[in-house]
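K.L.:
Quick one: this structure, given as structure tokens, is what I'll be asking you about.
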Amino acid sequence: MGTMSEVVTARAPTFEKTPPSQTPLHDNQTALHDKQRQPTDDTPTPTQESYPPLVLESHLQPVEGFGPYFKLIPSSGQLKELQTIIRDRNTLRSDFKFYADRLIRLVVEEGLNQLPYSDCSITTPTGCSYQGLRFVKGNCGVAIVRSGEAMEQGLRSCCRSIRLGKILVESDLETHEARVVYAKFPDDISQRKVLLMYPIMSSGNTVIKAVRVLQEHAVEEQNIILLNLFSTPTAARTITGAFPRMHILTSEVHPVAPNHFGQKYFGTD
């Protein structure tokens with residue numbers, strides 16, 4: 001499996017009609033060329049496993065001052081509207097949840113683009129050969145409870161069979177120090193790419209504690225992709241300073257984070 005820092009531009013998918021088995025040859029050179037292309041008992045037929053993994057070239061750009069792996073989804077009218085509705089204190093909970101799910105889906109989709117793929121060849125119902133892509137197996141999601149659980153359904157909607165884990169991190173009311181209360185992961189998480197989900201980052205302390213737990217389970221820093229909705233500059237600097245090789249994807253960096261997100265989403269405000 002390639003590292004997350006490797007970026008290879010994937011070939012555009014192409015259709016080509018499978019040639020008939022009895023195509024006439026025009027000369028000896030063509031016959032020799034076709035003979036060399038025919039699989040023999042000693043030449044294995046290409047399979048999914050025989051293709052090297054690759055990561056699609058991303059249109060996301062690093063945010064200046066936060067390192068090469070902290071990336072921001074390009075702003076658009078749709079994205080700004082979703083962020084506005086979520087921040088508005090007058091938004092009804094039903095609307096809040098609906099538009100939050102839309103924003104989560106956008107971030108999750110971009111996060112999936114950061115995962116490695118492999119080339120594959122399939123045959124369509126019309127008999128055409130199609131050169132496409134498949135996810136390289138070995139991905140999982142980990143939600144930082146509780147607000148991170150809001151992003152689980154968005155990930156499930158895109159990857160319905162993906163394995164999920166959870167981390168519960170609480171802050172001491174007096175010292176504000178984060179501590180891990182509960183952690184449950186797939187047994188082979190050290191061999192997987194991890195989509196770590198946490199929507200709001202104000203200080204970054206909770207995320208740092210969660211990543212430390214993943215590292216204790218032998219997950220490499222570069223194999224973690226943090227999916228986030230809103231981050232403050234302070235949190236961004238803290239996390240990238242602690243884990244400079246971890247991939248971070250967010251929709252907005254702003255001094256004021258919507259810290260009411262979890263309570264509003266789950267109806268406990």
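Naming scheme: A, B, ... for chains in displayed order of the structure tokens; residues 1 onward per chain; ligands 1 onward as shown.
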Could the residues of stretch 72-178 of chain A that have an atom at most 12 Å from stretch 252-259 of chain A be listed as CSV, each with its closest atom pair and the distance in Å to one decimal, counting only C-alpha atoms and ordered by chain and ascending residue number?

P.N.:
```
residue,atom,partner,partner_atom,distance
A:Leu72,CA,A:Glu252,CA,6.7
A:Ile73,CA,A:Glu252,CA,7.7
A:Pro74,CA,A:Glu252,CA,9.3
A:Ser75,CA,A:Glu252,CA,8.5
A:Ser76,CA,A:Glu252,CA,11.5
A:Leu79,CA,A:Glu252,CA,9.5
A:Lys80,CA,A:Glu252,CA,9.2
A:Leu82,CA,A:Glu252,CA,11.2
A:Gln83,CA,A:Glu252,CA,8.4
A:Thr84,CA,A:Pro258,CA,10.4
A:Ile85,CA,A:Pro258,CA,11.0
A:Ile86,CA,A:Pro258,CA,7.8
A:Arg87,CA,A:Pro258,CA,6.0
A:Asp88,CA,A:Pro258,CA,9.2
A:Arg89,CA,A:Pro258,CA,9.7
A:Ala100,CA,A:Pro258,CA,11.7
A:Leu103,CA,A:Glu252,CA,11.0
A:Val107,CA,A:Glu252,CA,10.7
A:Ser147,CA,A:Asn259,CA,10.1
```

K.L.:
Can those selected residues be exported to a file as a PDB file, in the first residue's frame so that it contains N, CA and C atoms?

P.N.:
```pdb
ATOM      1  N   LEU A  72      -8.045  22.627   2.983  1.00  0.00           N
ATOM      2  CA  LEU A  72      -9.345  23.277   3.105  1.00  0.00           C
ATOM      3  C   LEU A  72     -10.159  23.000   1.848  1.00  0.00           C
ATOM      4  N   ILE A  73     -11.432  22.620   2.032  1.00  0.00           N
ATOM      5  CA  ILE A  73     -12.316  22.443   0.888  1.00  0.00           C
ATOM      6  C   ILE A  73     -12.523  23.799   0.216  1.00  0.00           C
ATOM      7  N   PRO A  74     -12.387  23.890  -1.101  1.00  0.00           N
ATOM      8  CA  PRO A  74     -12.565  25.185  -1.779  1.00  0.00           C
ATOM      9  C   PRO A  74     -13.919  25.798  -1.466  1.00  0.00           C
ATOM     10  N   SER A  75     -13.921  27.093  -1.146  1.00  0.00           N
ATOM     11  CA  SER A  75     -15.156  27.779  -0.787  1.00  0.00           C
ATOM     12  C   SER A  75     -16.066  27.935  -1.997  1.00  0.00           C
ATOM     13  N   SER A  76     -17.367  27.863  -1.741  1.00  0.00           N
ATOM     14  CA  SER A  76     -18.379  28.052  -2.778  1.00  0.00           C
ATOM     15  C   SER A  76     -19.611  28.639  -2.125  1.00  0.00           C
ATOM     16  N   LEU A  79     -21.318  25.945  -0.021  1.00  0.00           N
ATOM     17  CA  LEU A  79     -20.596  25.655   1.216  1.00  0.00           C
ATOM     18  C   LEU A  79     -20.811  26.772   2.236  1.00  0.00           C
ATOM     19  N   LYS A  80     -20.737  28.023   1.788  1.00  0.00           N
ATOM     20  CA  LYS A  80     -20.908  29.158   2.702  1.00  0.00           C
ATOM     21  C   LYS A  80     -22.321  29.192   3.265  1.00  0.00           C
ATOM     22  N   LEU A  82     -24.280  26.580   3.862  1.00  0.00           N
ATOM     23  CA  LEU A  82     -24.369  25.535   4.878  1.00  0.00           C
ATOM     24  C   LEU A  82     -23.703  25.987   6.176  1.00  0.00           C
ATOM     25  N   GLN A  83     -22.542  26.593   6.065  1.00  0.00           N
ATOM     26  CA  GLN A  83     -21.840  27.079   7.256  1.00  0.00           C
ATOM     27  C   GLN A  83     -22.648  28.165   7.967  1.00  0.00           C
ATOM     28  N   THR A  84     -23.318  29.026   7.191  1.00  0.00           N
ATOM     29  CA  THR A  84     -24.125  30.099   7.768  1.00  0.00           C
ATOM     30  C   THR A  84     -25.313  29.545   8.548  1.00  0.00           C
ATOM     31  N   ILE A  85     -26.009  28.573   7.956  1.00  0.00           N
ATOM     32  CA  ILE A  85     -27.176  27.982   8.621  1.00  0.00           C
ATOM     33  C   ILE A  85     -26.763  27.296   9.917  1.00  0.00           C
ATOM     34  N   ILE A  86     -25.651  26.594   9.895  1.00  0.00           N
ATOM     35  CA  ILE A  86     -25.186  25.886  11.084  1.00  0.00           C
ATOM     36  C   ILE A  86     -24.788  26.857  12.191  1.00  0.00           C
ATOM     37  N   ARG A  87     -24.228  27.998  11.837  1.00  0.00           N
ATOM     38  CA  ARG A  87     -23.790  28.977  12.833  1.00  0.00           C
ATOM     39  C   ARG A  87     -24.944  29.829  13.369  1.00  0.00           C
ATOM     40  N   ASP A  88     -26.032  29.924  12.633  1.00  0.00           N
ATOM     41  CA  ASP A  88     -27.145  30.799  13.010  1.00  0.00           C
ATOM     42  C   ASP A  88     -27.851  30.256  14.255  1.00  0.00           C
ATOM     43  N   ARG A  89     -27.938  31.074  15.310  1.00  0.00           N
ATOM     44  CA  ARG A  89     -28.561  30.618  16.549  1.00  0.00           C
ATOM     45  C   ARG A  89     -30.070  30.446  16.406  1.00  0.00           C
ATOM     46  N   ALA A 100     -26.428  20.186   8.425  1.00  0.00           N
ATOM     47  CA  ALA A 100     -25.178  19.645   8.959  1.00  0.00           C
ATOM     48  C   ALA A 100     -24.825  18.342   8.254  1.00  0.00           C
ATOM     49  N   LEU A 103     -23.281  19.137   4.930  1.00  0.00           N
ATOM     50  CA  LEU A 103     -21.883  19.567   5.041  1.00  0.00           C
ATOM     51  C   LEU A 103     -20.985  18.381   5.373  1.00  0.00           C
ATOM     52  N   VAL A 107     -17.604  16.864   3.247  1.00  0.00           N
ATOM     53  CA  VAL A 107     -16.283  16.626   3.836  1.00  0.00           C
ATOM     54  C   VAL A 107     -15.896  15.158   3.713  1.00  0.00           C
ATOM     55  N   SER A 147     -19.652  14.199  19.552  1.00  0.00           N
ATOM     56  CA  SER A 147     -19.983  14.938  18.336  1.00  0.00           C
ATOM     57  C   SER A 147     -19.479  14.240  17.087  1.00  0.00           C
TER      58      SER A 147
END
```

K.L.:
Mind checking which residues fall within 9 Å of stretch 222-231 of chain A, counting only C-alpha atoms, ignoring those fewer than 2 positions away in the same chain, and posting them as a ChimeraX atom specification?

P.N.:
/A:3-5,83,103-104,107-108,111,114-115,148,151,190-204,207,211,214,219-220,233-236,243-258

K.L.:
Take the selection from the previous step and output its residues with C-alpha atoms, as an mmCIF file, in the first residue's frame.

P.N.:
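That gives us out38.cif:
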```
data_model
loop_
_atom_site.group_PDB
_atom_site.id
_atom_site.type_symbol
_atom_site.label_atom_id
_atom_site.label_comp_id
_atom_site.auth_asym_id
_atom_site.auth_seq_id
_atom_site.Cartn_x
_atom_site.Cartn_y
_atom_site.Cartn_z
ATOM 1 C CA THR A 3 1.807 6.138 1.557
ATOM 2 C CA MET A 4 -0.663 8.967 1.771
ATOM 3 C CA SER A 5 1.959 11.443 0.573
ATOM 4 C CA GLN A 83 -21.840 27.079 7.256
ATOM 5 C CA LEU A 103 -21.883 19.567 5.041
ATOM 6 C CA ILE A 104 -20.669 16.324 6.606
ATOM 7 C CA VAL A 107 -16.283 16.626 3.836
ATOM 8 C CA VAL A 108 -16.551 12.831 3.842
ATOM 9 C CA GLY A 111 -11.857 12.584 2.614
ATOM 10 C CA GLN A 114 -7.465 11.034 -0.051
ATOM 11 C CA LEU A 115 -7.580 7.227 0.208
ATOM 12 C CA GLY A 148 -17.876 12.766 16.044
ATOM 13 C CA MET A 151 -20.352 12.042 10.993
ATOM 14 C CA SER A 190 -2.673 -0.778 12.654
ATOM 15 C CA GLN A 191 -2.874 -2.106 9.073
ATOM 16 C CA ARG A 192 -5.600 0.301 7.979
ATOM 17 C CA LYS A 193 -6.028 3.876 6.807
ATOM 18 C CA VAL A 194 -8.035 5.641 9.508
ATOM 19 C CA LEU A 195 -10.671 8.319 8.852
ATOM 20 C CA LEU A 196 -10.783 10.100 12.223
ATOM 21 C CA MET A 197 -14.039 12.083 12.610
ATOM 22 C CA TYR A 198 -14.427 15.149 14.832
ATOM 23 C CA PRO A 199 -16.547 18.088 13.581
ATOM 24 C CA ILE A 200 -15.478 20.995 15.851
ATOM 25 C CA MET A 201 -11.897 21.804 16.871
ATOM 26 C CA SER A 202 -11.501 24.742 19.267
ATOM 27 C CA SER A 203 -8.268 23.970 21.113
ATOM 28 C CA GLY A 204 -7.176 20.710 19.479
ATOM 29 C CA VAL A 207 -7.932 15.374 18.845
ATOM 30 C CA VAL A 211 -4.408 10.441 17.965
ATOM 31 C CA LEU A 214 -4.352 5.467 17.857
ATOM 32 C CA VAL A 219 -1.416 3.306 13.761
ATOM 33 C CA GLU A 220 1.119 5.367 11.833
ATOM 34 C CA PRO A 233 -6.466 28.739 13.858
ATOM 35 C CA THR A 234 -5.275 27.833 17.362
ATOM 36 C CA ALA A 235 -6.452 24.243 17.023
ATOM 37 C CA ALA A 236 -4.974 23.983 13.542
ATOM 38 C CA PHE A 243 1.385 15.637 14.116
ATOM 39 C CA PRO A 244 2.962 17.252 11.050
ATOM 40 C CA ARG A 245 2.451 14.154 8.858
ATOM 41 C CA MET A 246 -1.222 13.607 9.665
ATOM 42 C CA HIS A 247 -3.674 14.564 6.925
ATOM 43 C CA ILE A 248 -6.349 17.059 8.026
ATOM 44 C CA LEU A 249 -9.377 18.099 5.969
ATOM 45 C CA THR A 250 -11.791 20.845 7.042
ATOM 46 C CA SER A 251 -14.408 23.161 5.541
ATOM 47 C CA GLU A 252 -13.490 26.340 7.440
ATOM 48 C CA VAL A 253 -10.799 27.910 9.621
ATOM 49 C CA HIS A 254 -12.296 30.691 11.745
ATOM 50 C CA PRO A 255 -11.427 32.209 15.152
ATOM 51 C CA VAL A 256 -14.916 31.401 16.480
ATOM 52 C CA ALA A 257 -15.990 27.748 16.302
ATOM 53 C CA PRO A 258 -19.682 26.730 16.539
#
```

K.L.:
So how many Å separate atom CA of A:Val145 and atom CA of A:Asp269, to one decimal?

P.N.:
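Going from atom CA of A:Val145 over to atom CA of A:Asp269 covers 16.5 Å.
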
K.L.:
Could you please write out, as a VMD selection string, every residue of stretch 108-205 of chain A that DSSP assigns to strand (DSSP E)?

P.N.:
chain A and resid 116 to 123 128 to 135 139 to 145 163 to 171 178 to 184 193 to 197 200 to 201

K.L.:
Let me make sure I understand: among A:Cys128, A:Val213, A:Val136, A:Leu92, which one has the smallest atom-to-atom distance to A:Leu112 if we use only C-alpha atoms?

P.N.:
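Distance minimum relative to A:Leu112 lands on A:Val136.
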
K.L.:
Could you jot down the atom CA of A:Arg146 to atom CA of A:Leu168 separation for me, Å, one decimal place?

P.N.:
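Atom CA of A:Leu168 lies at a distance of 7.2 Å from atom CA of A:Arg146.
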
K.L.:
DSSP on the backbone: what in stretch 63-149 of chain A comes out helix (DSSP H, G or I), as a compact mmCIF listing (two decimals) with N, CA and C atoms, in the first residue's frame?

P.N.:
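Written file, states-v5.txt:
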```
# COMPACT_ATOMS: atom_id res chain seq x y z
N GLY A 77 -20.56 29.09 -2.94
CA GLY A 77 -21.79 29.63 -2.39
C GLY A 77 -22.55 28.59 -1.57
N GLN A 78 -22.60 27.37 -2.09
CA GLN A 78 -23.30 26.30 -1.38
C GLN A 78 -22.64 26.02 -0.02
N LEU A 79 -21.32 25.94 -0.02
CA LEU A 79 -20.60 25.65 1.22
C LEU A 79 -20.81 26.77 2.24
N LYS A 80 -20.74 28.02 1.79
CA LYS A 80 -20.91 29.16 2.70
C LYS A 80 -22.32 29.19 3.27
N GLU A 81 -23.31 28.82 2.46
CA GLU A 81 -24.69 28.80 2.96
C GLU A 81 -24.85 27.76 4.06
N LEU A 82 -24.28 26.58 3.86
CA LEU A 82 -24.37 25.54 4.88
C LEU A 82 -23.70 25.99 6.18
N GLN A 83 -22.54 26.59 6.07
CA GLN A 83 -21.84 27.08 7.26
C GLN A 83 -22.65 28.17 7.97
N THR A 84 -23.32 29.03 7.19
CA THR A 84 -24.12 30.10 7.77
C THR A 84 -25.31 29.54 8.55
N ILE A 85 -26.01 28.57 7.96
CA ILE A 85 -27.18 27.98 8.62
C ILE A 85 -26.76 27.30 9.92
N ILE A 86 -25.65 26.59 9.89
CA ILE A 86 -25.19 25.89 11.08
C ILE A 86 -24.79 26.86 12.19
N ARG A 87 -24.23 28.00 11.84
CA ARG A 87 -23.79 28.98 12.83
C ARG A 87 -24.94 29.83 13.37
N ARG A 93 -33.73 22.96 15.01
CA ARG A 93 -32.92 21.75 15.08
C ARG A 93 -33.11 20.86 13.86
N SER A 94 -34.34 20.73 13.37
CA SER A 94 -34.58 19.89 12.19
C SER A 94 -33.80 20.40 10.98
N ASP A 95 -33.78 21.73 10.81
CA ASP A 95 -33.01 22.32 9.71
C ASP A 95 -31.52 22.18 9.98
N PHE A 96 -31.13 22.40 11.22
CA PHE A 96 -29.71 22.29 11.59
C PHE A 96 -29.17 20.90 11.23
N LYS A 97 -29.88 19.87 11.63
CA LYS A 97 -29.43 18.50 11.37
C LYS A 97 -29.38 18.21 9.87
N PHE A 98 -30.39 18.67 9.14
CA PHE A 98 -30.43 18.43 7.70
C PHE A 98 -29.23 19.05 6.99
N TYR A 99 -28.95 20.31 7.29
CA TYR A 99 -27.85 21.01 6.61
C TYR A 99 -26.48 20.58 7.16
N ALA A 100 -26.43 20.19 8.43
CA ALA A 100 -25.18 19.64 8.96
C ALA A 100 -24.83 18.34 8.25
N ASP A 101 -25.83 17.50 8.01
CA ASP A 101 -25.59 16.25 7.30
C ASP A 101 -25.10 16.51 5.88
N ARG A 102 -25.60 17.56 5.26
CA ARG A 102 -25.12 17.91 3.91
C ARG A 102 -23.65 18.31 3.94
N LEU A 103 -23.28 19.14 4.93
CA LEU A 103 -21.88 19.57 5.04
C LEU A 103 -20.98 18.38 5.37
N ILE A 104 -21.45 17.52 6.26
CA ILE A 104 -20.67 16.32 6.61
C ILE A 104 -20.42 15.48 5.37
N ARG A 105 -21.45 15.31 4.55
CA ARG A 105 -21.30 14.49 3.34
C ARG A 105 -20.24 15.07 2.40
N LEU A 106 -20.20 16.40 2.27
CA LEU A 106 -19.20 17.03 1.41
C LEU A 106 -17.79 16.76 1.94
N VAL A 107 -17.60 16.86 3.25
CA VAL A 107 -16.28 16.63 3.84
C VAL A 107 -15.90 15.16 3.71
N VAL A 108 -16.84 14.26 3.95
CA VAL A 108 -16.55 12.83 3.84
C VAL A 108 -16.16 12.47 2.42
N GLU A 109 -16.88 13.00 1.43
CA GLU A 109 -16.57 12.71 0.03
C GLU A 109 -15.13 13.14 -0.30
N GLU A 110 -14.75 14.32 0.18
CA GLU A 110 -13.38 14.78 -0.07
C GLU A 110 -12.37 13.92 0.68
N GLY A 111 -12.75 13.46 1.87
CA GLY A 111 -11.86 12.58 2.61
C GLY A 111 -11.61 11.27 1.89
N LEU A 112 -12.65 10.74 1.25
CA LEU A 112 -12.48 9.49 0.52
C LEU A 112 -11.54 9.66 -0.67
N SER A 147 -19.65 14.20 19.55
CA SER A 147 -19.98 14.94 18.34
C SER A 147 -19.48 14.24 17.09
N GLY A 148 -18.39 13.48 17.20
CA GLY A 148 -17.88 12.77 16.04
C GLY A 148 -18.83 11.72 15.51
N GLU A 149 -19.75 11.24 16.37
CA GLU A 149 -20.73 10.25 15.92
C GLU A 149 -21.72 10.83 14.92
```

K.L.:
Could you tell me how far atom CA of A:Ile167 sits from atom CA of A:Pro116, in Å to one decimal place?

P.N.:
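One can read the atom CA of A:Pro116 to atom CA of A:Ile167 distance as 24.5 Å.
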
K.L.:
Which of these residues is nearest to A:Ala242, using only C-alpha atoms: A:Ala218, A:Gln263, A:Cys159, A:Arg212?

P.N.:
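Going through A:Ala218, A:Gln263, A:Cys159, A:Arg212 one by one, the smallest distance to A:Ala242 is for A:Arg212.
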